[in-house]
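Note: the block below is target-v9.cif and it holds mmCIF, C-alpha atoms.
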data_protein
#
loop_
_atom_site.label_atom_id
_atom_site.label_comp_id
_atom_site.auth_asym_id
_atom_site.auth_seq_id
_atom_site.Cartn_x
_atom_site.Cartn_y
_atom_site.Cartn_z
CA MET A 3 11.46 -1.67 -1.73
CA PRO A 4 9.61 -1.67 -5.06
CA ARG A 5 6.39 0.27 -5.22
CA LEU A 6 3.30 -1.33 -6.73
CA ILE A 7 0.62 0.46 -8.72
CA SER A 8 -2.31 -0.69 -10.80
CA ILE A 9 -2.77 0.21 -14.43
CA ARG A 10 -5.40 -0.59 -17.05
CA ASP A 11 -4.72 -1.37 -20.70
CA ALA A 12 -6.71 -0.63 -23.86
CA LYS A 13 -8.72 -3.82 -23.35
CA LYS A 14 -9.79 -2.55 -19.91
CA ARG A 15 -7.80 -5.25 -18.15
CA ASP A 16 -5.94 -4.07 -15.09
CA ALA A 17 -2.90 -5.44 -13.37
CA GLN A 18 -0.69 -4.60 -10.47
CA ILE A 19 2.85 -3.87 -11.54
CA GLU A 20 6.02 -2.39 -10.09
CA VAL A 21 7.42 1.09 -10.67
CA GLY A 22 11.06 2.07 -10.31
CA SER A 23 12.87 5.40 -10.26
CA PRO A 24 15.99 6.20 -12.31
CA LYS A 25 19.21 4.70 -11.03
CA ARG A 26 21.42 6.97 -9.02
CA ARG A 27 24.57 7.90 -10.82
CA GLU A 28 27.46 6.56 -8.81
CA ARG A 29 30.27 7.66 -10.98
CA MET A 30 32.11 9.25 -8.11
CA ARG A 31 32.40 9.14 -4.35
CA TRP A 32 34.37 11.13 -1.80
CA VAL A 33 37.33 9.85 0.17
CA GLY A 34 39.64 11.48 2.69
CA PRO A 35 43.16 12.75 1.96
CA ASP A 36 44.60 9.23 2.50
CA ARG A 37 41.82 7.69 0.40
CA GLU A 38 40.02 6.40 3.47
CA PRO A 39 36.25 6.17 3.12
CA VAL A 40 34.21 9.03 4.49
CA ARG A 41 30.52 9.41 5.12
CA HIS A 42 28.17 12.29 5.38
CA GLN A 43 26.94 13.00 8.89
CA ARG A 44 24.56 15.52 10.39
CA LEU A 45 25.58 16.76 13.84
CA VAL A 46 24.08 19.00 16.49
CA LYS A 47 25.63 22.46 16.29
CA GLY A 48 23.30 24.36 18.57
CA THR A 49 20.13 23.87 20.57
CA GLU A 50 17.17 25.99 21.59
CA LYS A 51 19.26 27.21 24.57
CA THR A 52 21.98 28.66 22.37
CA THR A 53 20.02 30.69 19.83
CA TYR A 54 20.44 34.46 19.86
CA GLU A 55 16.87 34.86 21.12
CA ALA A 56 17.51 32.44 23.99
CA LEU A 57 20.74 34.23 24.92
CA LEU A 58 18.96 37.59 24.77
CA GLU A 59 16.28 36.31 27.11
CA ARG A 60 18.95 34.95 29.43
CA PHE A 61 21.23 37.99 29.54
CA GLY A 62 18.69 40.77 29.00
CA THR A 63 20.35 43.05 26.42
CA PRO A 64 22.42 42.64 23.25
CA GLU A 65 25.34 44.26 25.04
CA ALA A 66 25.08 41.74 27.85
CA VAL A 67 24.98 38.91 25.32
CA GLY A 68 28.15 40.32 23.72
CA ALA A 69 29.87 40.54 27.08
CA ALA A 70 28.83 36.97 27.91
CA LEU A 71 30.28 35.75 24.61
CA VAL A 72 33.59 37.45 25.44
CA GLU A 73 33.60 36.00 28.94
CA GLY A 74 32.69 32.44 28.10
CA ASP A 75 30.93 30.14 25.65
CA PRO A 76 27.22 30.46 26.37
CA GLU A 77 26.50 29.84 22.67
CA ILE A 78 27.81 26.28 22.97
CA ASP A 79 25.67 23.60 24.58
CA LEU A 80 28.53 21.36 25.63
CA GLY A 81 26.24 18.48 26.54
CA GLN A 82 24.74 18.32 23.05
CA VAL A 83 27.03 19.84 20.48
CA GLY A 84 28.65 17.28 18.17
CA ARG A 85 26.02 14.61 18.79
CA ARG A 86 24.82 12.68 15.77
CA LEU A 87 21.43 13.91 14.64
CA ALA A 88 19.48 10.82 13.71
CA HIS A 89 16.06 9.29 14.39
CA THR A 90 14.69 12.69 15.31
CA SER A 91 11.10 13.82 15.67
CA ARG A 92 9.77 16.91 13.95
CA VAL A 93 8.44 19.56 16.32
CA TYR A 94 7.56 23.23 15.89
CA LEU A 95 8.87 26.15 17.93
CA ASP A 96 6.97 29.34 18.56
CA PRO A 97 8.76 32.72 18.17
CA ASP A 98 9.81 32.47 21.84
CA GLY A 99 11.57 29.16 21.16
CA HIS A 100 9.04 27.02 23.00
CA VAL A 101 7.76 23.72 21.66
CA LEU A 102 4.29 23.97 20.20
CA TYR A 103 1.64 21.63 21.60
CA VAL A 104 -1.36 23.15 19.87
CA ALA A 105 -0.85 24.20 16.27
CA ARG A 106 -2.90 25.43 13.36
CA VAL A 107 -1.63 24.28 9.99
CA LEU A 108 -2.40 26.59 7.07
CA LYS A 109 -1.94 26.53 3.33
CA VAL A 110 -0.77 29.92 2.10
CA THR A 111 -0.96 30.55 -1.63
CA TYR A 112 1.17 33.13 -3.43
CA ASP A 113 0.75 34.38 -7.00
CA PRO A 114 3.69 34.38 -9.47
CA HIS A 115 4.73 37.82 -8.18
CA GLY A 116 5.05 36.52 -4.65
CA GLU A 117 1.87 38.21 -3.37
CA GLU A 118 -0.20 36.22 -0.91
CA ILE A 119 -3.59 35.49 -2.45
CA ALA A 120 -5.12 32.93 -0.11
CA ARG A 121 -4.70 31.59 3.41
CA GLU A 122 -6.77 28.63 4.51
CA ASP A 123 -6.63 25.59 6.74
CA PHE A 124 -4.38 22.92 5.36
CA VAL A 125 -6.25 19.84 4.21
CA ASP A 126 -4.40 16.65 3.36
CA VAL A 127 -4.49 15.73 -0.32
CA GLU A 128 -4.66 11.99 -0.66
CA ALA A 129 -2.66 9.95 -3.15
CA THR A 130 -4.43 9.02 -6.37
CA VAL A 131 -2.03 6.26 -7.42
CA GLY A 132 -0.93 3.32 -5.33
CA GLU A 133 -1.13 -0.34 -4.47
CA GLU A 134 -4.51 -0.07 -2.78
CA LEU A 135 -5.96 2.50 -5.15
CA PRO A 136 -7.97 2.04 -8.35
CA PRO A 137 -5.96 1.41 -11.51
CA ILE A 138 -4.71 4.25 -13.68
CA PRO A 139 -7.20 4.26 -16.56
CA TRP A 140 -6.27 3.91 -20.22
CA SER A 141 -7.01 7.35 -21.64
CA GLY A 142 -6.29 6.56 -25.28
CA LYS A 143 -5.24 10.21 -25.69
CA LEU A 144 -2.12 9.96 -27.80
CA MET A 145 0.21 12.88 -28.36
CA PRO A 146 3.21 13.27 -30.66
CA ILE A 147 6.50 12.88 -28.80
CA ASP A 148 8.00 15.91 -30.51
CA THR A 149 5.11 18.03 -29.26
CA VAL A 150 5.19 16.94 -25.62
CA ILE A 151 8.93 17.36 -25.17
CA ARG A 152 8.59 20.98 -26.33
CA ARG A 153 5.60 21.72 -24.10
CA PHE A 154 6.30 19.92 -20.83
CA ALA A 155 9.37 19.41 -18.68
CA PHE A 156 9.52 15.81 -17.49
CA VAL A 157 10.93 16.29 -14.05
CA ARG A 158 10.32 12.76 -12.77
CA LYS A 159 10.21 9.41 -14.48
CA LEU A 160 9.12 5.98 -13.43
CA GLN A 161 9.80 2.75 -15.23
CA LEU A 162 6.92 0.28 -15.21
CA ARG A 163 8.12 -3.25 -14.59
CA HIS A 164 6.41 -6.61 -14.62
CA VAL A 165 6.16 -8.71 -11.47
CA ASN A 166 5.46 -12.08 -13.12
CA GLY A 167 5.07 -13.72 -16.50
CA LEU A 168 1.52 -12.53 -16.98
CA THR A 169 2.31 -8.90 -16.28
CA PHE A 170 5.33 -9.18 -18.59
CA ASP A 171 2.94 -9.93 -21.46
CA PHE A 172 0.57 -7.21 -20.24
CA LEU A 173 3.23 -4.47 -20.17
CA TYR A 174 4.97 -5.69 -23.32
CA GLU A 175 1.69 -5.34 -25.20
CA ILE A 176 1.14 -1.80 -23.90
CA ALA A 177 4.70 -0.84 -24.88
CA GLN A 178 4.22 -2.36 -28.32
CA THR A 179 0.92 -0.51 -28.84
CA LEU A 180 2.54 2.82 -27.97
CA GLN A 181 5.63 2.18 -30.06
CA GLU A 182 3.53 1.31 -33.08
CA ALA A 183 1.54 4.52 -32.60
CA GLY A 184 4.83 6.44 -32.36
CA LYS A 185 3.26 8.61 -29.67
CA VAL A 186 2.97 8.94 -25.92
CA MET A 187 -0.30 8.62 -24.05
CA LEU A 188 -1.62 11.15 -21.58
CA VAL A 189 -2.13 9.44 -18.24
CA ARG A 190 -4.19 10.77 -15.36
CA ALA A 191 -5.81 9.19 -12.33
CA GLY A 192 -9.34 8.73 -11.10
CA ALA A 193 -12.27 6.79 -12.47
CA LYS A 194 -12.67 9.23 -15.37
CA GLY A 195 -8.97 9.95 -15.77
CA ARG A 196 -9.30 13.59 -14.80
CA ASP A 197 -7.22 13.71 -11.63
CA PRO A 198 -3.51 14.40 -11.41
CA LEU A 199 -1.18 11.57 -10.50
CA ILE A 200 -0.26 11.86 -6.80
CA PHE A 201 1.89 9.04 -5.46
CA GLN A 202 1.68 9.79 -1.73
CA THR A 203 -0.41 11.86 0.64
CA ASN A 204 0.35 15.56 0.05
CA GLY A 205 2.74 14.51 -2.70
CA THR A 206 3.41 16.54 -5.84
CA PRO A 207 0.63 16.31 -8.44
CA PHE A 208 1.76 15.38 -11.94
CA HIS A 209 0.43 14.87 -15.41
CA GLY A 210 1.77 11.63 -16.84
CA PHE A 211 2.76 10.57 -20.33
CA LEU A 212 3.30 6.91 -20.99
CA GLU A 213 5.95 5.94 -23.52
CA GLY A 214 6.64 2.43 -24.77
CA ARG A 215 9.45 0.79 -26.69
CA VAL A 216 10.02 -2.82 -27.63
CA GLU A 217 13.07 -4.53 -29.04
CA GLY A 218 12.84 -8.22 -29.70
CA ASP A 219 11.59 -9.87 -26.52
CA ALA A 220 12.32 -6.86 -24.35
CA TYR A 221 10.25 -3.81 -23.55
CA LYS A 222 10.62 -0.44 -21.88
CA LEU A 223 7.60 1.35 -20.53
CA VAL A 224 8.24 4.72 -18.94
CA LEU A 225 5.85 7.08 -17.22
CA HIS A 226 7.12 10.62 -17.83
CA LEU A 227 5.82 12.99 -15.16
CA SER A 228 5.48 16.73 -15.52
CA ASN A 229 4.33 19.57 -13.31
CA LEU A 230 5.94 22.31 -15.38
CA GLU A 231 5.26 23.76 -18.80
CA ILE A 232 8.08 25.07 -20.94
CA LYS A 233 7.19 28.76 -21.06
CA ARG A 234 8.96 32.07 -20.64
CA VAL A 235 9.02 33.62 -17.20
CA THR A 236 10.42 36.99 -18.24
CA GLU A 237 9.26 39.64 -20.67
CA ASP A 238 9.90 39.22 -24.40
CA ALA A 239 13.39 38.13 -25.33
CA PRO A 240 15.74 40.90 -26.45
CA GLU A 241 16.70 41.01 -30.11
CA ALA A 242 19.79 38.98 -30.80
CA THR A 243 22.56 39.91 -33.13
CA SER A 244 23.60 37.39 -35.72
CA MET B 1 32.29 37.23 -23.02
CA ALA B 2 30.20 37.16 -19.85
CA ALA B 3 30.82 34.02 -17.80
CA ARG B 4 27.18 33.36 -16.96
CA GLN B 5 26.16 32.54 -20.49
CA ILE B 6 25.47 29.31 -22.28
CA VAL B 7 27.77 29.46 -25.27
CA VAL B 8 27.49 26.95 -28.09
CA ARG B 9 29.07 26.35 -31.44
CA TYR B 10 27.14 25.02 -34.42
CA GLY B 11 28.96 24.67 -37.70
CA ASP B 12 31.35 27.59 -37.86
CA GLU B 13 29.11 29.91 -35.87
CA GLN B 14 29.06 30.67 -32.19
CA SER B 15 25.94 31.62 -30.25
CA ALA B 16 25.61 32.90 -26.71
CA PHE B 17 22.53 32.91 -24.50
CA LYS B 18 21.68 34.57 -21.22
CA PHE B 19 19.53 32.21 -19.22
CA THR B 20 16.80 32.42 -16.61
CA ARG B 21 15.55 29.44 -14.68
CA VAL B 22 11.92 28.53 -15.30
CA ASP B 23 10.21 27.21 -12.22
CA ARG B 24 6.71 26.64 -10.94
CA ALA B 25 6.76 29.60 -8.55
CA LYS B 26 7.43 32.01 -11.44
CA LEU B 27 4.83 30.44 -13.72
CA TYR B 28 1.99 29.52 -11.39
CA GLY B 29 2.85 30.93 -7.96
CA ARG B 30 3.46 28.67 -5.01
CA LYS B 31 1.85 27.13 -1.97
CA LYS B 32 3.46 27.09 1.42
CA ARG B 33 2.52 25.11 4.49
CA VAL B 34 2.60 27.36 7.53
CA VAL B 35 2.25 26.37 11.16
CA GLU B 36 0.89 28.97 13.58
CA ASP B 37 0.52 28.96 17.35
CA GLU B 38 -2.74 29.82 19.14
CA ASN B 39 -1.92 33.55 18.82
CA GLY B 40 -1.49 33.37 15.04
CA ARG B 41 2.28 33.64 15.19
CA GLU B 42 4.24 31.72 12.57
CA CYS B 43 6.32 28.90 13.99
CA VAL B 44 9.47 27.19 12.76
CA PRO B 45 10.26 23.48 12.46
CA ALA B 46 12.87 21.95 14.73
CA TYR B 47 14.31 18.52 15.47
CA LEU B 48 13.89 16.72 18.77
CA SER B 49 16.53 14.06 19.38
CA ALA B 50 15.38 10.49 20.03
CA ASP B 51 16.20 10.75 23.76
CA GLY B 52 14.42 14.09 24.04
CA ALA B 53 17.58 15.78 25.33
CA ALA B 54 18.33 18.02 22.34
CA LEU B 55 15.96 20.42 20.66
CA VAL B 56 17.62 21.62 17.49
CA PRO B 57 16.19 24.79 15.90
CA PRO B 58 16.73 25.85 12.26
CA GLY B 59 20.44 26.39 11.69
CA GLY B 60 21.28 24.24 14.68
CA SER B 61 22.72 21.35 12.73
CA ALA B 62 25.90 20.94 10.74
CA ALA B 63 26.56 18.63 7.82
CA VAL B 64 30.08 17.22 7.91
CA TYR B 65 32.08 14.38 6.44
CA VAL B 66 33.60 11.97 8.95
CA ASP B 67 36.04 9.13 8.51
CA GLU B 68 35.85 5.66 10.05
CA ARG B 69 37.25 6.99 13.35
CA PHE B 70 34.51 9.65 13.33
CA ASP B 71 37.09 12.39 12.81
CA THR B 72 35.82 15.29 10.74
CA VAL B 73 37.30 15.59 7.25
CA GLU B 74 37.37 19.13 5.92
CA ARG B 75 35.67 19.60 2.56
CA SER B 76 38.88 20.99 1.09
CA ASP B 77 40.60 17.69 2.00
CA LEU B 78 38.04 15.51 0.24
CA ARG B 79 39.10 13.73 -2.93
CA ALA B 80 36.77 12.43 -5.63
CA VAL B 81 37.36 8.86 -6.80
CA ASP B 82 35.59 6.52 -9.18
CA ALA B 83 34.02 3.16 -8.32
CA GLU B 84 37.48 1.52 -8.41
CA GLY B 85 38.92 4.14 -6.08
CA GLU B 86 40.91 5.91 -8.78
CA PRO B 87 41.14 9.71 -8.51
CA LEU B 88 38.85 11.69 -10.78
CA GLU B 89 39.56 14.97 -12.47
CA PRO B 90 36.79 17.54 -12.16
CA PHE B 91 34.94 18.77 -15.22
CA PRO B 92 35.15 22.55 -15.48
CA SER B 93 32.04 24.69 -15.69
CA THR B 94 30.76 24.99 -19.25
CA LEU B 95 29.34 28.47 -18.69
CA GLY B 96 31.01 31.02 -20.91
CA VAL B 97 32.94 28.27 -22.69
CA PRO B 98 31.81 27.37 -26.22
CA GLN B 99 30.35 23.83 -26.34
CA GLU B 100 29.87 21.87 -29.54
CA LEU B 101 26.19 21.40 -30.36
CA THR B 102 25.14 17.98 -31.64
CA PRO B 103 21.83 17.41 -33.42
CA THR B 104 19.71 15.01 -31.42
CA ASP B 105 16.18 13.59 -31.34
CA ALA B 106 13.14 13.55 -29.10
CA THR B 107 13.90 10.06 -27.80
CA ARG B 108 17.17 11.31 -26.30
CA VAL B 109 15.21 13.98 -24.44
CA LEU B 110 12.81 11.32 -23.13
CA ASP B 111 15.79 9.32 -21.88
CA HIS B 112 16.68 12.13 -19.48
CA VAL B 113 15.06 13.50 -16.35
CA VAL B 114 14.83 17.27 -16.65
CA ALA B 115 16.62 18.81 -13.69
CA SER B 116 16.29 22.45 -14.78
CA VAL B 117 14.55 24.42 -17.49
CA TYR B 118 16.20 27.61 -18.71
CA GLU B 119 14.60 30.32 -20.75
CA LEU B 120 17.31 31.37 -23.17
CA SER B 121 17.73 34.93 -24.37
CA PRO B 122 20.17 35.09 -27.26
CA GLU B 123 22.95 37.64 -27.05
CA THR B 124 24.30 36.42 -30.35
CA LEU B 125 22.57 33.78 -32.44
CA GLY B 126 24.18 32.20 -35.48
CA GLU B 127 22.05 32.18 -38.59
CA GLN B 128 22.37 28.42 -39.09
CA LEU B 129 21.30 27.71 -35.52
CA ARG B 130 18.45 30.20 -35.72
CA GLU B 131 17.10 28.46 -38.83
CA ALA B 132 17.62 24.96 -37.48
CA LEU B 133 15.81 25.73 -34.21
CA ALA B 134 12.97 27.43 -36.10
CA ASP B 135 12.72 24.29 -38.26
CA GLY B 136 12.17 22.24 -35.10
CA GLU B 137 15.58 20.66 -34.83
CA LEU B 138 16.83 19.58 -31.42
CA PHE B 139 20.38 19.88 -30.17
CA GLU B 140 22.38 18.79 -27.18
CA ALA B 141 25.65 19.86 -25.61
CA PRO B 142 27.61 19.06 -22.45
CA TYR B 143 26.58 21.20 -19.48
CA ASN B 144 28.12 21.82 -16.11
CA TYR B 145 26.85 24.77 -14.11
CA ARG B 146 29.90 24.75 -11.87
CA GLU B 147 33.04 22.65 -11.73
CA GLY B 148 32.07 19.15 -10.71
CA TYR B 149 32.39 15.45 -11.31
CA ASP B 150 29.01 14.66 -12.80
CA PRO B 151 28.37 16.69 -15.95
CA ASP B 152 24.86 16.97 -17.34
CA VAL B 153 23.59 17.56 -20.82
CA VAL B 154 21.60 20.55 -22.03
CA PHE B 155 19.02 20.15 -24.79
CA LEU B 156 18.26 23.19 -26.92
CA LEU B 157 14.82 23.50 -28.45
CA GLN B 158 12.41 26.10 -29.67
CA ASN B 159 8.65 26.25 -29.12
CA ASP B 160 5.94 28.89 -29.51
CA HIS B 161 7.29 30.75 -26.48
CA GLY B 162 10.94 30.96 -27.45
CA ILE B 163 14.22 29.10 -27.13
CA PHE B 164 14.81 26.93 -24.08
CA GLY B 165 17.52 24.81 -22.57
CA LEU B 166 16.55 21.64 -20.70
CA VAL B 167 19.25 20.36 -18.39
CA GLY B 168 18.89 16.61 -18.20
CA ARG B 169 20.26 13.59 -16.39
CA GLU B 170 20.09 10.19 -18.00
CA THR B 171 17.52 7.83 -16.47
CA GLY B 172 19.52 4.69 -17.06
CA PHE B 173 16.29 2.80 -17.73
CA GLU B 174 16.96 -0.31 -19.75
CA LEU B 175 14.84 -2.64 -21.82
CA ILE B 176 13.48 -5.45 -19.67
CA GLU B 177 13.32 -9.08 -20.70
CA ARG B 178 11.25 -11.80 -19.16
CA GLU B 179 13.32 -13.79 -16.73
CA VAL B 180 12.99 -17.48 -17.49
CA PRO B 181 14.22 -19.79 -14.75
CA GLU B 182 17.07 -21.95 -16.04
CA GLU B 183 15.35 -25.24 -15.31
CA GLU B 184 12.46 -24.24 -17.58
CA GLU B 185 14.70 -23.30 -20.47
CA ALA B 186 16.00 -26.81 -21.22
CA GLU B 187 13.44 -29.01 -22.92
CA ASP B 188 12.84 -32.26 -21.13
CA GLU B 189 13.78 -34.79 -23.78
CA ASP B 190 12.03 -37.57 -21.95
CA ALA B 191 8.77 -35.72 -21.68
CA THR B 192 5.78 -37.49 -23.21
CA ASP B 193 2.08 -36.91 -23.09
CA GLU B 194 1.42 -40.30 -21.66
CA LEU B 195 1.50 -41.14 -18.03
CA ASP B 196 3.78 -44.12 -18.45
CA GLU B 197 4.94 -44.46 -14.92
CA ASP B 198 3.24 -44.96 -11.63
CA LEU B 199 2.99 -41.90 -9.47
CA ASP B 200 3.90 -42.32 -5.86
CA PHE B 201 1.01 -41.13 -3.72
CA THR B 202 2.40 -42.23 -0.40
CA PHE B 203 4.42 -38.99 -0.06
#
Output the structure of this file as structure tokens.
Amino acid sequence: MPRLISIRDAKKRDAQIEVGSPKRRERMRWVGPDREPVRHQRLVKGTEKTTYEALLERFGTPEAVGAALVEGDPEIDLGQVGRRLAHTSRVYLDPDGHVLYVARVLKVTYDPHGEEIAREDFVDVEATVGEELPPIPWSGKLMPIDTVIRRFAFVRKLQLRHVNGLTFDFLYEIAQTLQEAGKVMLVRAGAKGRDPLIFQTNGTPFHGFLEGRVEGDAYKLVLHLSNLEIKRVTEDAPEATS
Amino acid sequence: MAARQIVVRYGDEQSAFKFTRVDRAKLYGRKKRVVEDENGRECVPAYLSADGAALVPPGGSAAVYVDERFDTVERSDLRAVDAEGEPLEPFPSTLGVPQELTPTDATRVLDHVVASVYELSPETLGEQLREALADGELFEAPYNYREGYDPDVVFLLQNDHGIFGLVGRETGFELIEREVPEEEEAEDEDATDELDEDLDFTF
């Protein structure tokens, strides 16, 4: 189902338009040895009664667990194993394997070396872009394409698409403006355009760069999303030999 | 030549790079959502089946391929075919195998979603490539981390921090035209500005 967002143009007009993700490549698919169709399926392999901890609690000692495994198949829950795993609910288990009814959800922050630097209650971060949310403002901050592709990794992309004749003209004009400038425009959310683009609650925050192309009566308007700079993560590069 | 290297050829020179994946955790750190019980003990997620009969802890599920009779098909028995059902030959890994570099432009990079960023450390770097990268030229080459059926492309570029490889997958985004319904396209030859016929209001 197409997702709708609102966006504002340079004339401060806003419109609700559709965004689409890249097409999935379907160059190949898997078949069985006789070329019969196959499908991917997730099945139950074990349950909370067949974990090592559960068996240890049941038999008392590791040696007793070993003996039980030799004697029979206590690690197999015959009533459940092989069942299709679908339409499940997410629950949490405590270290004893019991379902949690009262939980505290935390956000733990680690520095680049993996050291924990903060631990606090988790607070939902709301989306900043969406059908019911204010339009993405027109920042007017243009950046050379050659610069942005060397600084930021565009790890997600959305194509902006019209939903009717009026929004066709609206998006075409934006694409034309950007093509004529030969640059991409920095795009952020919020009334003042200072917030990251977040497309769903607790979703990944991104900086956006809007790129437009037109060709005859057709346009392409793409929102390039980045949450990663192109920087070294190791010490200085060793000297290379020519 | 070590296998885990990106090896490229530009002109008559060959260059080889060791590579390290650049990710957010290494650059900025990371955030993790942790669930604790009332005693402050960290808990693990599990699946509860729709009928409530199965509680599946981490590691308690298996991903398999099944045929139409729901018989399991071993991974080693799977065959890759194209959309028409014709068998496909796998593309070998490009690591350690010299790949021809092609000059490219920034638009090509924009036409791809970046799946991975690699920091490249040259083991050997041809003089022509060194100069071209320093001059801001962009290059691309085929890329396949391991043998597979869906090869990617790697873009080579240089910025203030060094030389990088961006592994990209084409977006497939196309130019969009305005859809005009067929009945609107043909001009109505009989159309006039005058209302020269009576309109039926009886409906």
Applied to this file, what does the PyMOL selection byres ((chain A and resi 209-224) around 6) return in terms of residues, put as a PDB file with C-alpha atoms, keeping the file's coordinate frame?
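Output saved as selection-v4.pdb:
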ATOM      1  CA  LEU A 160       9.120   5.980 -13.430  1.00  0.00           C
ATOM      2  CA  GLN A 161       9.800   2.750 -15.230  1.00  0.00           C
ATOM      3  CA  LEU A 162       6.920   0.280 -15.210  1.00  0.00           C
ATOM      4  CA  TYR A 174       4.970  -5.690 -23.320  1.00  0.00           C
ATOM      5  CA  ALA A 177       4.700  -0.840 -24.880  1.00  0.00           C
ATOM      6  CA  GLN A 178       4.220  -2.360 -28.320  1.00  0.00           C
ATOM      7  CA  LEU A 180       2.540   2.820 -27.970  1.00  0.00           C
ATOM      8  CA  GLN A 181       5.630   2.180 -30.060  1.00  0.00           C
ATOM      9  CA  VAL A 186       2.970   8.940 -25.920  1.00  0.00           C
ATOM     10  CA  MET A 187      -0.300   8.620 -24.050  1.00  0.00           C
ATOM     11  CA  LEU A 188      -1.620  11.150 -21.580  1.00  0.00           C
ATOM     12  CA  VAL A 189      -2.130   9.440 -18.240  1.00  0.00           C
ATOM     13  CA  PRO A 198      -3.510  14.400 -11.410  1.00  0.00           C
ATOM     14  CA  PHE A 208       1.760  15.380 -11.940  1.00  0.00           C
ATOM     15  CA  LEU A 225       5.850   7.080 -17.220  1.00  0.00           C
ATOM     16  CA  HIS A 226       7.120  10.620 -17.830  1.00  0.00           C
ATOM     17  CA  LEU A 227       5.820  12.990 -15.160  1.00  0.00           C
ATOM     18  CA  SER A 228       5.480  16.730 -15.520  1.00  0.00           C
TER      19      SER A 228
ATOM     20  CA  LEU B 175      14.840  -2.640 -21.820  1.00  0.00           C
ATOM     21  CA  ILE B 176      13.480  -5.450 -19.670  1.00  0.00           C
ATOM     22  CA  GLU B 177      13.320  -9.080 -20.700  1.00  0.00           C
TER      23      GLU B 177
END
Pairwise distance for CA of Leu168 in chain A and CA of Thr107 in chain B, rounded to one decimal in Å: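 Between these atoms lies a distance of 27.9 Å.
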Non-local contacts of range 131-144 of chain A (9 Å; all atoms listed in the file; under 5 positions in same chain excluded) as a VMD selection string: chain A and resid 5 to 14 16 to 19 180 183 185 to 195 199 to 202 211
Interface, chain B side, toward chain A (6 Å; all atoms listed in the file) as number ranges by chain: B: 25-37, 43-50, 55-57, 60-67, 77-82, 106, 113-114, 119, 121-126, 159, 161, 171, 175-177
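Reported to one decimal place, the separation of CA of Phe155 in chain B from CA of Asp105 in chain B is 9.7 Å.
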Atom-to-atom span, CA of Pro90 in chain B and CA of Tyr149 in chain B, Å: 4.9 Å
Point (32.3, 17.6, -12.8) neighbourhood (8 Å, all atoms listed in the file) written as a list in words: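 Output: Glu89, Pro90, Phe91, Pro92, Ser93, Asn144, Arg146, Glu147, Gly148, Tyr149, Asp150 and Pro151 of chain B.
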From B:Phe17, B:Gly11, B:Glu74, B:Val22, residue lying nearest Gly96 in chain B [only C-alpha atoms]: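 So, comparing all the options, the nearest one is B:Phe17.
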Hits from the PyMOL selection byres ((chain A and resi 70-76) around 9), listed as a PyMOL selection string: chain A and resi 51-52+57+61+65-69+77-79
Limited to C-alpha atoms, could you put the picked residues into a file as a PDB file, in the coordinates of the input?
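Final output, selection34.pdb:
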ATOM      1  CA  LYS A  51      19.260  27.210  24.570  1.00  0.00           C
ATOM      2  CA  THR A  52      21.980  28.660  22.370  1.00  0.00           C
ATOM      3  CA  LEU A  57      20.740  34.230  24.920  1.00  0.00           C
ATOM      4  CA  PHE A  61      21.230  37.990  29.540  1.00  0.00           C
ATOM      5  CA  GLU A  65      25.340  44.260  25.040  1.00  0.00           C
ATOM      6  CA  ALA A  66      25.080  41.740  27.850  1.00  0.00           C
ATOM      7  CA  VAL A  67      24.980  38.910  25.320  1.00  0.00           C
ATOM      8  CA  GLY A  68      28.150  40.320  23.720  1.00  0.00           C
ATOM      9  CA  ALA A  69      29.870  40.540  27.080  1.00  0.00           C
ATOM     10  CA  GLU A  77      26.500  29.840  22.670  1.00  0.00           C
ATOM     11  CA  ILE A  78      27.810  26.280  22.970  1.00  0.00           C
ATOM     12  CA  ASP A  79      25.670  23.600  24.580  1.00  0.00           C
TER      13      ASP A  79
END
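Residues matched by the PyMOL selection byres ((chain B and resi 165-169) around 6) in this structure: His112, Val113, Val114, Ala115, Ser116, Val117, Tyr118, Asp152, Val153, Val154, Phe155, Leu156, Phe164 and Glu170 of chain B.
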Of the listed residues B:Gly136, B:Pro98, B:Pro142, B:Gly172, that which approaches Ala16 in chain B most closely, counting all atoms listed in the file: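 Ranking B:Gly136, B:Pro98, B:Pro142, B:Gly172 by distance to Ala16 in chain B, first place goes to B:Pro98.
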